Amino acid sequence: MNIAAIVFTILVLLVLILGFAAARWKSGDLSKLEEWGLGGRQFGVIISWFLIGGDVYTAYTFIAVPALMFGVGALAFFAVPYTIIAYPILYVIFPKLWRVSAKHGFVTGPEFVRGRYGNRYLALAVGITGIVATMPYIALQLVGMQTVIGGLGITGAGFGAHLPLIIAFLVLAAFTFTSGLRAPAMIAIVKDLLIYLTIIVAIIVIPYELGGFGAIFAKIAPTKLLLPIPPVGSGGLYSGYATLALGSAMVLFLYPHTTTGILSARSGEVVRRNAVILPAYTFMLGLITLLGAMAVAADVSTMPQFAAGFKEFGTNFAVPALLIHTLPPWFVGVAFAAIAVGALVPAAIMAIASANIFTRDIWRQFINPHVTPGQESMVAKVFSIVMIIGALAFIFGLPLKYAIQLQLLGGMWMIQIFPSIVFSLFTRFYNGWALLIGWASGITMATHYALLNHLIGAIYPFHIAGYTFPCYIAIATFILNVVVSTILSPILNTFASDRIHDVTTAADYV
């Protein structure tokens with residue numbers, strides 16, 4: 001075993017042990033879902049900053065965003081403006097969601113929707129959308145971890161090559177079961193410190209090794225550094241880039257795992273303060289994206305020692321190859337451990353968030369309405385394991401392209417719950433059944449346009465009055481969703497108003 005593998009193994013093992021120790025941290029009654037699934041809503045500004053940051057900026061982010069820069073170019077930087085746009089949304093909207101949820105004991109976004117409209121089928125649609133969108137997201141965390149394990153020289157298709165990944169995620173399932181959200185909250189601190197350390201070292205050492213930033217950008221074709229100028233009569237990639245950033249920002253904090261991180265905070269003020277300081281991660285994301293440019297300049301894809309890695313993992317291998325090529329072996333172990341832990345933290349939160357939804361919005365509503373708090377917590381714990389094992393089966397049993405395609409669809413689907421959650425925090429104009437029909441319209445058309453794109457791209461060229469407007473499919477179908485919901489709501493409210501079922505009051509939203 002080489003030095004990098006030894007350092008990697010030691011750090012990952014320490015983090016896994018820390019996951020089990022977290023059960024006694026900020027101790028609470030883990031037989032209650034609010035304690036197991038939300039950490040007792042007691043995380044302050046610093047813990048929430050690490051937790052939400054660890055939730056949003058994952059191992060797949062560390063691998064895939066530079067890989068997009070390496071393979072495609074400037075389009076990869078859409079991730080930077082989208083996370084900039086996301087934080088004002090977090091600041092304005094989600095402290096309100098926290099206040100209402102804390103007052104009424106809501107553990108999930110769908111539970112808030114059911115409380116607002118008294119419509120368990122709308123809540124079911126919102127919940128299933130979240131779970132279905134989350135499964136491939138967990139699978140892609142496995143891809144990030146699999147890539148760095150491959151960088152350590154453990155490759156191939158046999159059981160032995162997959163064994164380290166399987167062991168890590170089975171241990172992850174175990175400490176998620178025993179510790180709940182406290183485990184990823186504690187581990188997120190270590191993960192983010194390792195990530196920041198890795199980026200600071202990489203952004204100093206690698207440019208020095210490559211002759212400076214001027215030399216790096218001089219080796220990159222201009223077509224990779226700038227979006228192409230749109231042709232006459234078309235928005236080109238300009239409109240595609242802008243709508244992709246906007247749509248991604250709108251959906252970021254609607255995913256079950258990010259909503260769970262928000263609802264676990266101690267107060268709405270903690271959420272608001274985090275909206276102010278979380279952009280530090282966006283700055284880091286910009287630096288991470290630059291690693292793709294550095295990989296192009298270093299020309300790692302042509303180096304014989306990395307041929308097997310690029311053959312197996314494609315452009316996802318750009319960052320591991322760059323780190324191996326430019327950094328000392330012991331620090332490569334540190335960097336790879338940071339990426340691996342960056343897979344464990346969000347995977348745990350995603351599994352817990354999905355388990356919260358399954359328990360509160362499916363099991364309790366449709367299977368066993370009389371479930372006790374202890375049984376409820378146990379159902380959630382078991383389902384979290386199902387999600388993690390399901391993701392393992394997903395990534396080993398199906399081609400990687402299916403995980404990527406479903407994750408692509410997931411973003412288009414998730415934006416369809418925006419009216420049900422976000423609009424409902426500010427107005428009671430809408431009818432729950434109208435929102436459900438709008439959701440179904442958006443989901444159907446988003447899937448239709450994604451299939452027209454052969455599930456290989458999120459931007460579709462819409463033709464409007466002779467003008468071609470390439471647009472993120474999620475944004476176009478979201479507009480349809482809103483139009484349908486807005487037209488139908490006053491009609492349905494005249495003979496089937498659901499306002500009497502609202503368990504919240506106007507004062508909850510002030």
# chains A, B, ... in the order shown; residues from 1 in each chain; ligands from 1
call {"tool": "residues_around", "arguments": {"residues": "A:Gln146", "least_positions_apart": "6", "cutoff": "12 Å", "atoms": "only C-alpha atoms", "output": "CSV table (one decimal) with all heavy atoms, in the first residue's frame"}}
result
chain,number,residue,atom,x,y,z
A,59,ALA,N,-18.8,15.5,-2.7
A,59,ALA,CA,-17.7,14.9,-3.4
A,59,ALA,C,-17.9,15.0,-4.9
A,59,ALA,O,-17.0,15.2,-5.7
A,59,ALA,CB,-17.6,13.5,-3.0
A,60,TYR,N,-19.2,14.8,-5.4
A,60,TYR,CA,-19.4,14.9,-6.8
A,60,TYR,C,-19.2,16.3,-7.3
A,60,TYR,O,-18.8,16.4,-8.5
A,60,TYR,CB,-20.8,14.4,-7.1
A,60,TYR,CG,-21.1,14.1,-8.6
A,60,TYR,CD1,-20.4,13.1,-9.2
A,60,TYR,CD2,-22.0,14.9,-9.3
A,60,TYR,CE1,-20.6,12.9,-10.6
A,60,TYR,CE2,-22.2,14.7,-10.6
A,60,TYR,CZ,-21.5,13.7,-11.3
A,60,TYR,OH,-21.7,13.5,-12.6
A,63,ILE,N,-15.5,16.6,-7.9
A,63,ILE,CA,-15.1,15.8,-9.1
A,63,ILE,C,-15.7,16.4,-10.4
A,63,ILE,O,-15.0,16.6,-11.4
A,63,ILE,CB,-15.4,14.3,-8.9
A,63,ILE,CG1,-14.6,13.7,-7.8
A,63,ILE,CG2,-15.2,13.6,-10.2
A,63,ILE,CD1,-13.1,13.7,-8.0
A,139,ALA,N,-26.2,8.1,-5.3
A,139,ALA,CA,-25.4,7.2,-6.2
A,139,ALA,C,-24.2,8.0,-6.8
A,139,ALA,O,-23.1,7.5,-6.9
A,139,ALA,CB,-26.3,6.7,-7.3
A,140,LEU,N,-24.4,9.3,-7.1
A,140,LEU,CA,-23.3,10.1,-7.7
A,140,LEU,C,-22.3,10.4,-6.6
A,140,LEU,O,-21.1,10.7,-7.0
A,140,LEU,CB,-23.9,11.3,-8.3
A,140,LEU,CG,-24.7,11.1,-9.6
A,140,LEU,CD1,-25.2,12.4,-10.2
A,140,LEU,CD2,-23.8,10.4,-10.7
A,152,LEU,N,-6.2,5.8,-6.3
A,152,LEU,CA,-5.3,5.1,-5.4
A,152,LEU,C,-4.8,3.8,-6.0
A,152,LEU,O,-3.9,3.1,-5.4
A,152,LEU,CB,-5.9,4.9,-4.0
A,152,LEU,CG,-6.2,6.1,-3.2
A,152,LEU,CD1,-7.1,5.8,-2.0
A,152,LEU,CD2,-4.9,6.9,-2.8
A,153,GLY,N,-5.3,3.5,-7.1
A,153,GLY,CA,-4.8,2.3,-7.8
A,153,GLY,C,-5.7,1.1,-7.7
A,153,GLY,O,-5.4,0.0,-8.1
A,154,ILE,N,-6.9,1.3,-7.0
A,154,ILE,CA,-7.8,0.2,-6.8
A,154,ILE,C,-8.9,0.3,-7.9
A,154,ILE,O,-9.8,1.1,-7.7
A,154,ILE,CB,-8.5,0.2,-5.4
A,154,ILE,CG1,-7.3,0.2,-4.3
A,154,ILE,CG2,-9.4,-1.0,-5.2
A,154,ILE,CD1,-7.9,0.4,-2.9
A,155,THR,N,-8.8,-0.4,-8.9
A,155,THR,CA,-9.7,-0.3,-10.1
A,155,THR,C,-10.2,-1.6,-10.5
A,155,THR,O,-9.7,-2.7,-10.0
A,155,THR,CB,-9.0,0.4,-11.3
A,155,THR,OG1,-7.8,-0.3,-11.6
A,155,THR,CG2,-8.6,1.8,-10.9
A,156,GLY,N,-11.1,-1.6,-11.5
A,156,GLY,CA,-11.6,-2.9,-12.0
A,156,GLY,C,-13.0,-3.1,-11.8
A,156,GLY,O,-13.7,-2.3,-11.1
A,157,ALA,N,-13.6,-4.2,-12.3
A,157,ALA,CA,-15.0,-4.4,-12.2
A,157,ALA,C,-15.3,-5.5,-11.2
A,157,ALA,O,-16.5,-5.8,-10.9
A,157,ALA,CB,-15.6,-4.8,-13.5
A,161,ALA,N,-12.4,-4.8,-6.2
A,161,ALA,CA,-12.2,-3.4,-6.5
A,161,ALA,C,-13.3,-2.6,-5.9
A,161,ALA,O,-13.1,-1.4,-5.5
A,161,ALA,CB,-12.3,-3.3,-8.0
A,162,HIS,N,-14.5,-3.2,-5.7
A,162,HIS,CA,-15.6,-2.4,-5.1
A,162,HIS,C,-15.7,-2.5,-3.6
A,162,HIS,O,-16.4,-1.8,-3.0
A,162,HIS,CB,-17.0,-2.9,-5.7
A,162,HIS,CG,-17.2,-2.7,-7.2
A,162,HIS,ND1,-16.8,-1.5,-7.8
A,162,HIS,CD2,-17.7,-3.5,-8.1
A,162,HIS,CE1,-17.1,-1.6,-9.1
A,162,HIS,NE2,-17.6,-2.8,-9.3
A,163,LEU,N,-14.9,-3.4,-3.0
A,163,LEU,CA,-15.0,-3.7,-1.6
A,163,LEU,C,-14.8,-2.5,-0.7
A,163,LEU,O,-15.6,-2.3,0.2
A,163,LEU,CB,-14.0,-4.8,-1.2
A,163,LEU,CG,-14.2,-5.4,0.2
A,163,LEU,CD1,-15.6,-5.9,0.4
A,163,LEU,CD2,-13.1,-6.5,0.5
A,164,PRO,N,-13.7,-1.6,-0.9
A,164,PRO,CA,-13.6,-0.5,-0.1
A,164,PRO,C,-14.8,0.5,-0.1
A,164,PRO,O,-15.2,0.9,1.0
A,164,PRO,CB,-12.3,0.2,-0.7
A,164,PRO,CG,-11.6,-0.8,-1.4
A,164,PRO,CD,-12.7,-1.7,-1.9
A,165,LEU,N,-15.4,0.6,-1.2
A,165,LEU,CA,-16.6,1.5,-1.3
A,165,LEU,C,-17.7,0.9,-0.6
A,165,LEU,O,-18.5,1.6,0.1
A,165,LEU,CB,-16.9,1.7,-2.8
A,165,LEU,CG,-18.0,2.7,-3.1
A,165,LEU,CD1,-17.6,4.1,-2.7
A,165,LEU,CD2,-18.3,2.7,-4.6
A,166,ILE,N,-17.9,-0.4,-0.8
A,166,ILE,CA,-19.0,-1.1,-0.1
A,166,ILE,C,-18.9,-1.0,1.4
A,166,ILE,O,-19.9,-0.7,2.1
A,166,ILE,CB,-19.1,-2.6,-0.6
A,166,ILE,CG1,-19.5,-2.6,-2.1
A,166,ILE,CG2,-20.1,-3.4,0.2
A,166,ILE,CD1,-19.3,-4.0,-2.7
A,168,ALA,N,-17.2,1.2,3.2
A,168,ALA,CA,-17.4,2.5,3.7
A,168,ALA,C,-18.9,2.9,3.8
A,168,ALA,O,-19.3,3.5,4.8
A,168,ALA,CB,-16.7,3.5,2.8
A,169,PHE,N,-19.7,2.5,2.8
A,169,PHE,CA,-21.1,2.9,2.8
A,169,PHE,C,-21.9,2.0,3.7
A,169,PHE,O,-23.0,2.5,4.2
A,169,PHE,CB,-21.6,3.0,1.4
A,169,PHE,CG,-21.4,4.3,0.8
A,169,PHE,CD1,-20.2,4.8,0.3
A,169,PHE,CD2,-22.5,5.2,0.7
A,169,PHE,CE1,-20.0,6.0,-0.2
A,169,PHE,CE2,-22.4,6.5,0.2
A,169,PHE,CZ,-21.1,6.9,-0.3
A,309,GLY,N,-7.2,5.3,-15.8
A,309,GLY,CA,-8.1,6.1,-15.0
A,309,GLY,C,-9.1,6.8,-15.9
A,309,GLY,O,-10.3,6.8,-15.7
A,312,GLU,N,-11.6,4.4,-17.5
A,312,GLU,CA,-12.6,3.9,-16.6
A,312,GLU,C,-13.6,5.0,-16.2
A,312,GLU,O,-14.8,4.8,-16.1
A,312,GLU,CB,-12.0,3.2,-15.4
A,312,GLU,CG,-13.1,2.6,-14.5
A,312,GLU,CD,-12.5,1.7,-13.5
A,312,GLU,OE1,-11.3,1.4,-13.5
A,312,GLU,OE2,-13.2,1.3,-12.6
A,313,PHE,N,-13.0,6.2,-15.8
A,313,PHE,CA,-13.9,7.3,-15.2
A,313,PHE,C,-14.1,8.5,-16.1
A,313,PHE,O,-14.8,9.4,-15.7
A,313,PHE,CB,-13.2,7.7,-13.9
A,313,PHE,CG,-13.0,6.6,-12.9
A,313,PHE,CD1,-11.7,6.2,-12.7
A,313,PHE,CD2,-14.0,6.0,-12.3
A,313,PHE,CE1,-11.5,5.2,-11.7
A,313,PHE,CE2,-13.8,5.0,-11.4
A,313,PHE,CZ,-12.6,4.6,-11.1
A,316,ASN,N,-14.1,12.6,-15.3
A,316,ASN,CA,-14.1,12.7,-13.8
A,316,ASN,C,-12.8,12.4,-13.2
A,316,ASN,O,-12.6,12.7,-12.0
A,316,ASN,CB,-15.2,11.7,-13.3
A,316,ASN,CG,-16.6,12.2,-13.5
A,316,ASN,OD1,-16.8,13.3,-13.6
A,316,ASN,ND2,-17.5,11.2,-13.4
A,317,PHE,N,-11.9,11.8,-14.0
A,317,PHE,CA,-10.6,11.5,-13.4
A,317,PHE,C,-9.6,12.6,-13.5
A,317,PHE,O,-8.5,12.6,-13.1
A,317,PHE,CB,-10.0,10.3,-14.2
A,317,PHE,CG,-8.9,9.6,-13.4
A,317,PHE,CD1,-9.1,8.9,-12.3
A,317,PHE,CD2,-7.6,9.6,-13.9
A,317,PHE,CE1,-8.1,8.3,-11.6
A,317,PHE,CE2,-6.5,9.0,-13.2
A,317,PHE,CZ,-6.8,8.3,-12.1
A,320,PRO,N,-8.4,13.9,-9.8
A,320,PRO,CA,-7.4,12.9,-9.2
A,320,PRO,C,-6.1,12.9,-9.9
A,320,PRO,O,-5.0,12.9,-9.3
A,320,PRO,CB,-8.2,11.6,-9.3
A,320,PRO,CG,-9.6,11.9,-9.2
A,320,PRO,CD,-9.7,13.2,-10.0
A,336,PHE,N,-7.6,13.2,-1.2
A,336,PHE,CA,-8.5,12.1,-1.6
A,336,PHE,C,-9.4,11.8,-0.4
A,336,PHE,O,-10.6,11.5,-0.6
A,336,PHE,CB,-7.8,10.8,-2.0
A,336,PHE,CG,-7.2,10.9,-3.4
A,336,PHE,CD1,-7.3,12.1,-4.1
A,336,PHE,CD2,-6.7,9.8,-4.1
A,336,PHE,CE1,-6.8,12.2,-5.4
A,336,PHE,CE2,-6.3,9.9,-5.4
A,336,PHE,CZ,-6.3,11.1,-6.1
A,337,ALA,N,-8.9,11.8,0.8
A,337,ALA,CA,-9.8,11.6,2.0
A,337,ALA,C,-10.8,12.7,2.1
A,337,ALA,O,-12.0,12.4,2.5
A,337,ALA,CB,-8.9,11.5,3.3
A,339,ILE,N,-12.2,14.3,-0.3
A,339,ILE,CA,-13.2,14.0,-1.3
A,339,ILE,C,-14.1,12.9,-0.9
A,339,ILE,O,-15.3,12.9,-1.0
A,339,ILE,CB,-12.6,13.8,-2.7
A,339,ILE,CG1,-11.8,15.0,-3.2
A,339,ILE,CG2,-13.7,13.4,-3.7
A,339,ILE,CD1,-11.0,14.8,-4.4
A,340,ALA,N,-13.5,11.8,-0.3
A,340,ALA,CA,-14.2,10.6,0.1
A,340,ALA,C,-15.2,11.0,1.3
A,340,ALA,O,-16.4,10.6,1.3
A,340,ALA,CB,-13.3,9.5,0.6
A,341,VAL,N,-14.7,11.8,2.2
A,341,VAL,CA,-15.6,12.2,3.3
A,341,VAL,C,-16.7,13.2,2.8
A,341,VAL,O,-17.8,13.2,3.3
A,341,VAL,CB,-14.8,12.9,4.4
A,341,VAL,CG1,-15.7,13.4,5.5
A,341,VAL,CG2,-13.7,11.9,5.0
A,343,ALA,N,-18.2,12.6,0.2
A,343,ALA,CA,-19.3,11.8,-0.3
A,343,ALA,C,-20.1,11.2,0.9
A,343,ALA,O,-21.3,11.1,0.8
A,343,ALA,CB,-18.7,10.6,-1.0
A,344,LEU,N,-19.4,10.9,2.0
A,344,LEU,CA,-20.1,10.3,3.2
A,344,LEU,C,-21.1,11.3,3.8
A,344,LEU,O,-22.3,10.9,4.2
A,344,LEU,CB,-19.1,9.9,4.2
A,344,LEU,CG,-18.1,8.8,3.8
A,344,LEU,CD1,-17.1,8.5,4.9
A,344,LEU,CD2,-18.9,7.5,3.4
A,392,LEU,N,-26.1,1.9,-3.6
A,392,LEU,CA,-25.0,1.0,-3.9
A,392,LEU,C,-25.5,0.1,-5.0
A,392,LEU,O,-24.7,-0.1,-6.0
A,392,LEU,CB,-24.6,0.2,-2.7
A,392,LEU,CG,-23.7,0.8,-1.7
A,392,LEU,CD1,-23.6,0.0,-0.4
A,392,LEU,CD2,-22.3,1.0,-2.3
A,395,ILE,N,-25.6,2.0,-8.4
A,395,ILE,CA,-24.4,2.3,-9.1
A,395,ILE,C,-23.7,1.1,-9.6
A,395,ILE,O,-23.0,1.1,-10.6
A,395,ILE,CB,-23.5,3.1,-8.1
A,395,ILE,CG1,-22.5,4.0,-9.0
A,395,ILE,CG2,-22.7,2.3,-7.2
A,395,ILE,CD1,-23.2,5.1,-9.7
A,396,PHE,N,-23.9,-0.1,-8.9
A,396,PHE,CA,-23.2,-1.3,-9.4
A,396,PHE,C,-24.0,-2.1,-10.3
A,396,PHE,O,-23.5,-2.8,-11.2
A,396,PHE,CB,-22.8,-2.2,-8.2
A,396,PHE,CG,-21.8,-1.6,-7.2
A,396,PHE,CD1,-21.9,-1.7,-5.9
A,396,PHE,CD2,-20.7,-0.9,-7.7
A,396,PHE,CE1,-21.0,-1.2,-5.0
A,396,PHE,CE2,-19.8,-0.4,-6.9
A,396,PHE,CZ,-19.9,-0.5,-5.5
A,400,LEU,N,-23.5,3.9,-15.3
A,400,LEU,CA,-23.4,5.2,-14.7
A,400,LEU,C,-24.3,6.2,-15.4
A,400,LEU,O,-24.8,7.1,-14.7
A,400,LEU,CB,-21.9,5.7,-14.7
A,400,LEU,CG,-21.6,7.1,-14.3
A,400,LEU,CD1,-22.0,7.3,-12.8
A,400,LEU,CD2,-20.1,7.4,-14.4
call {"tool": "residues_around", "arguments": {"residues": "A:Arg114", "least_positions_apart": "4", "cutoff": "12 Å", "atoms": "only C-alpha atoms", "output": "ChimeraX atom specification"}}
result
/A:101,104,106-110,118-127,360-362,365,420-421,424,431-433,435-436,498-499,501-504
call {"tool": "atom_distance", "arguments": {"atom1": "atom CA of A:Thr258", "atom2": "atom CA of A:Asp55"}}
result
6.3 Å
call {"tool": "residues_around", "arguments": {"residues": "A:Leu75", "least_positions_apart": "4", "cutoff": "8 Å", "atoms": "only C-alpha atoms", "output": "list in words"}}
result
Leu68, Met69, Leu227 and Tyr241 of chain A
call {"tool": "closest_residue", "arguments": {"among": "A:Val334, A:Val201, A:Leu244, A:Val92", "to": "A:Ala4", "atoms": "only C-alpha atoms"}}
result
A:Val334
call {"tool": "closest_residue", "arguments": {"among": "A:Phe495, A:Tyr255, A:Phe213, A:Trp49", "to": "A:Ile277", "atoms": "only C-alpha atoms"}}
result
A:Trp49
call {"tool": "residues_around", "arguments": {"residues": "A:Cys471", "least_positions_apart": "5", "cutoff": "7 Å", "atoms": "only C-alpha atoms", "output": "PDB file with N, CA and C atoms, in the first residue's frame"}}
result
ATOM      1  N   SER A 239     -28.386  32.466 -23.088  1.00  0.00           N
ATOM      2  CA  SER A 239     -29.663  32.251 -22.408  1.00  0.00           C
ATOM      3  C   SER A 239     -29.675  30.900 -21.708  1.00  0.00           C
ATOM      4  N   GLY A 240     -29.021  29.909 -22.310  1.00  0.00           N
ATOM      5  CA  GLY A 240     -28.942  28.601 -21.660  1.00  0.00           C
ATOM      6  C   GLY A 240     -28.197  28.669 -20.344  1.00  0.00           C
ATOM      7  N   THR A 243     -30.370  30.745 -17.663  1.00  0.00           N
ATOM      8  CA  THR A 243     -31.520  30.018 -17.130  1.00  0.00           C
ATOM      9  C   THR A 243     -31.085  28.792 -16.330  1.00  0.00           C
ATOM     10  N   ILE A 459     -30.610  21.774 -21.473  1.00  0.00           N
ATOM     11  CA  ILE A 459     -31.007  22.991 -22.185  1.00  0.00           C
ATOM     12  C   ILE A 459     -31.692  22.599 -23.487  1.00  0.00           C
ATOM     13  N   TYR A 460     -32.876  23.168 -23.708  1.00  0.00           N
ATOM     14  CA  TYR A 460     -33.648  22.833 -24.922  1.00  0.00           C
ATOM     15  C   TYR A 460     -33.915  24.111 -25.717  1.00  0.00           C
ATOM     16  N   PRO A 461     -33.770  24.063 -27.052  1.00  0.00           N
ATOM     17  CA  PRO A 461     -33.994  25.268 -27.870  1.00  0.00           C
ATOM     18  C   PRO A 461     -35.488  25.504 -28.148  1.00  0.00           C
ATOM     19  N   PHE A 462     -36.092  26.375 -27.396  1.00  0.00           N
ATOM     20  CA  PHE A 462     -37.493  26.721 -27.621  1.00  0.00           C
ATOM     21  C   PHE A 462     -37.576  27.792 -28.713  1.00  0.00           C
ATOM     22  N   ALA A 476     -38.592  26.534 -18.106  1.00  0.00           N
ATOM     23  CA  ALA A 476     -39.723  26.577 -19.036  1.00  0.00           C
ATOM     24  C   ALA A 476     -40.920  25.817 -18.480  1.00  0.00           C
TER      25      ALA A 476
END
call {"tool": "select_by_dssp", "arguments": {"residues": "stretch 94-292 of chain A", "states": "helix (DSSP H, G or I)", "output": "count of residues only"}}
result
161
call {"tool": "residues_around", "arguments": {"residues": "A:Asn2", "least_positions_apart": "5", "cutoff": "12 Å", "atoms": "only C-alpha atoms", "output": "PyMOL selection string"}}
result
chain A and resi 7-9+151-154+328-330+332-333
call {"tool": "write_last_selection", "arguments": {"atoms": "C-alpha atoms", "output": "CSV table (one decimal), in the first residue's frame"}}
result
chain,number,residue,atom,x,y,z
A,7,VAL,CA,-3.0,8.4,4.8
A,8,PHE,CA,-6.4,8.1,3.0
A,9,THR,CA,-7.3,4.9,4.9
A,151,GLY,CA,-6.8,7.2,-8.2
A,152,LEU,CA,-5.3,5.1,-5.4
A,153,GLY,CA,-4.8,2.3,-7.8
A,154,ILE,CA,-7.8,0.2,-6.8
A,328,PRO,CA,3.4,15.0,-2.8
A,329,PRO,CA,1.9,11.5,-2.1
A,330,TRP,CA,1.1,12.1,1.5
A,332,VAL,CA,-2.7,13.3,-2.2
A,333,GLY,CA,-3.9,11.0,0.6
call {"tool": "closest_residue", "arguments": {"among": "A:Leu33, A:Ala307, A:Leu492, A:Leu323", "to": "A:Thr372", "atoms": "only C-alpha atoms"}}
result
A:Leu33
call {"tool": "closest_residue", "arguments": {"among": "A:Leu170, A:Tyr281, A:Asp508, A:Ala295", "to": "A:Leu322", "atoms": "only C-alpha atoms"}}
result
A:Ala295
call {"tool": "closest_residue", "arguments": {"among": "A:Met378, A:Val482, A:Val190, A:Val270", "to": "A:Ile417", "atoms": "only C-alpha atoms"}}
result
A:Val482
call {"tool": "atom_distance", "arguments": {"atom1": "atom CA of A:Ile187", "atom2": "atom CA of A:Ala348"}}
result
10.2 Å
call {"tool": "atom_distance", "arguments": {"atom1": "atom CA of A:Phe253", "atom2": "atom CA of A:Ile17"}}
result
29.3 Å
call {"tool": "closest_residue", "arguments": {"among": "A:Val379, A:Leu11, A:Val345, A:Ile389", "to": "A:Arg364", "atoms": "only C-alpha atoms"}}
result
A:Val379
call {"tool": "residues_around", "arguments": {"residues": "A:Met284", "least_positions_apart": "3", "cutoff": "12 Å", "atoms": "only C-alpha atoms", "output": "number ranges by chain"}}
result
A: 53, 57, 61-62, 79-80, 83-84, 192-193, 195-200, 202-203, 278-281, 287-291
call {"tool": "residues_around", "arguments": {"residues": "A:Trp98", "least_positions_apart": "2", "cutoff": "12 Å", "atoms": "only C-alpha atoms", "output": "PyMOL selection string"}}
result
chain A and resi 38+41+90-96+100-109+112+259-272+421+425+508-509
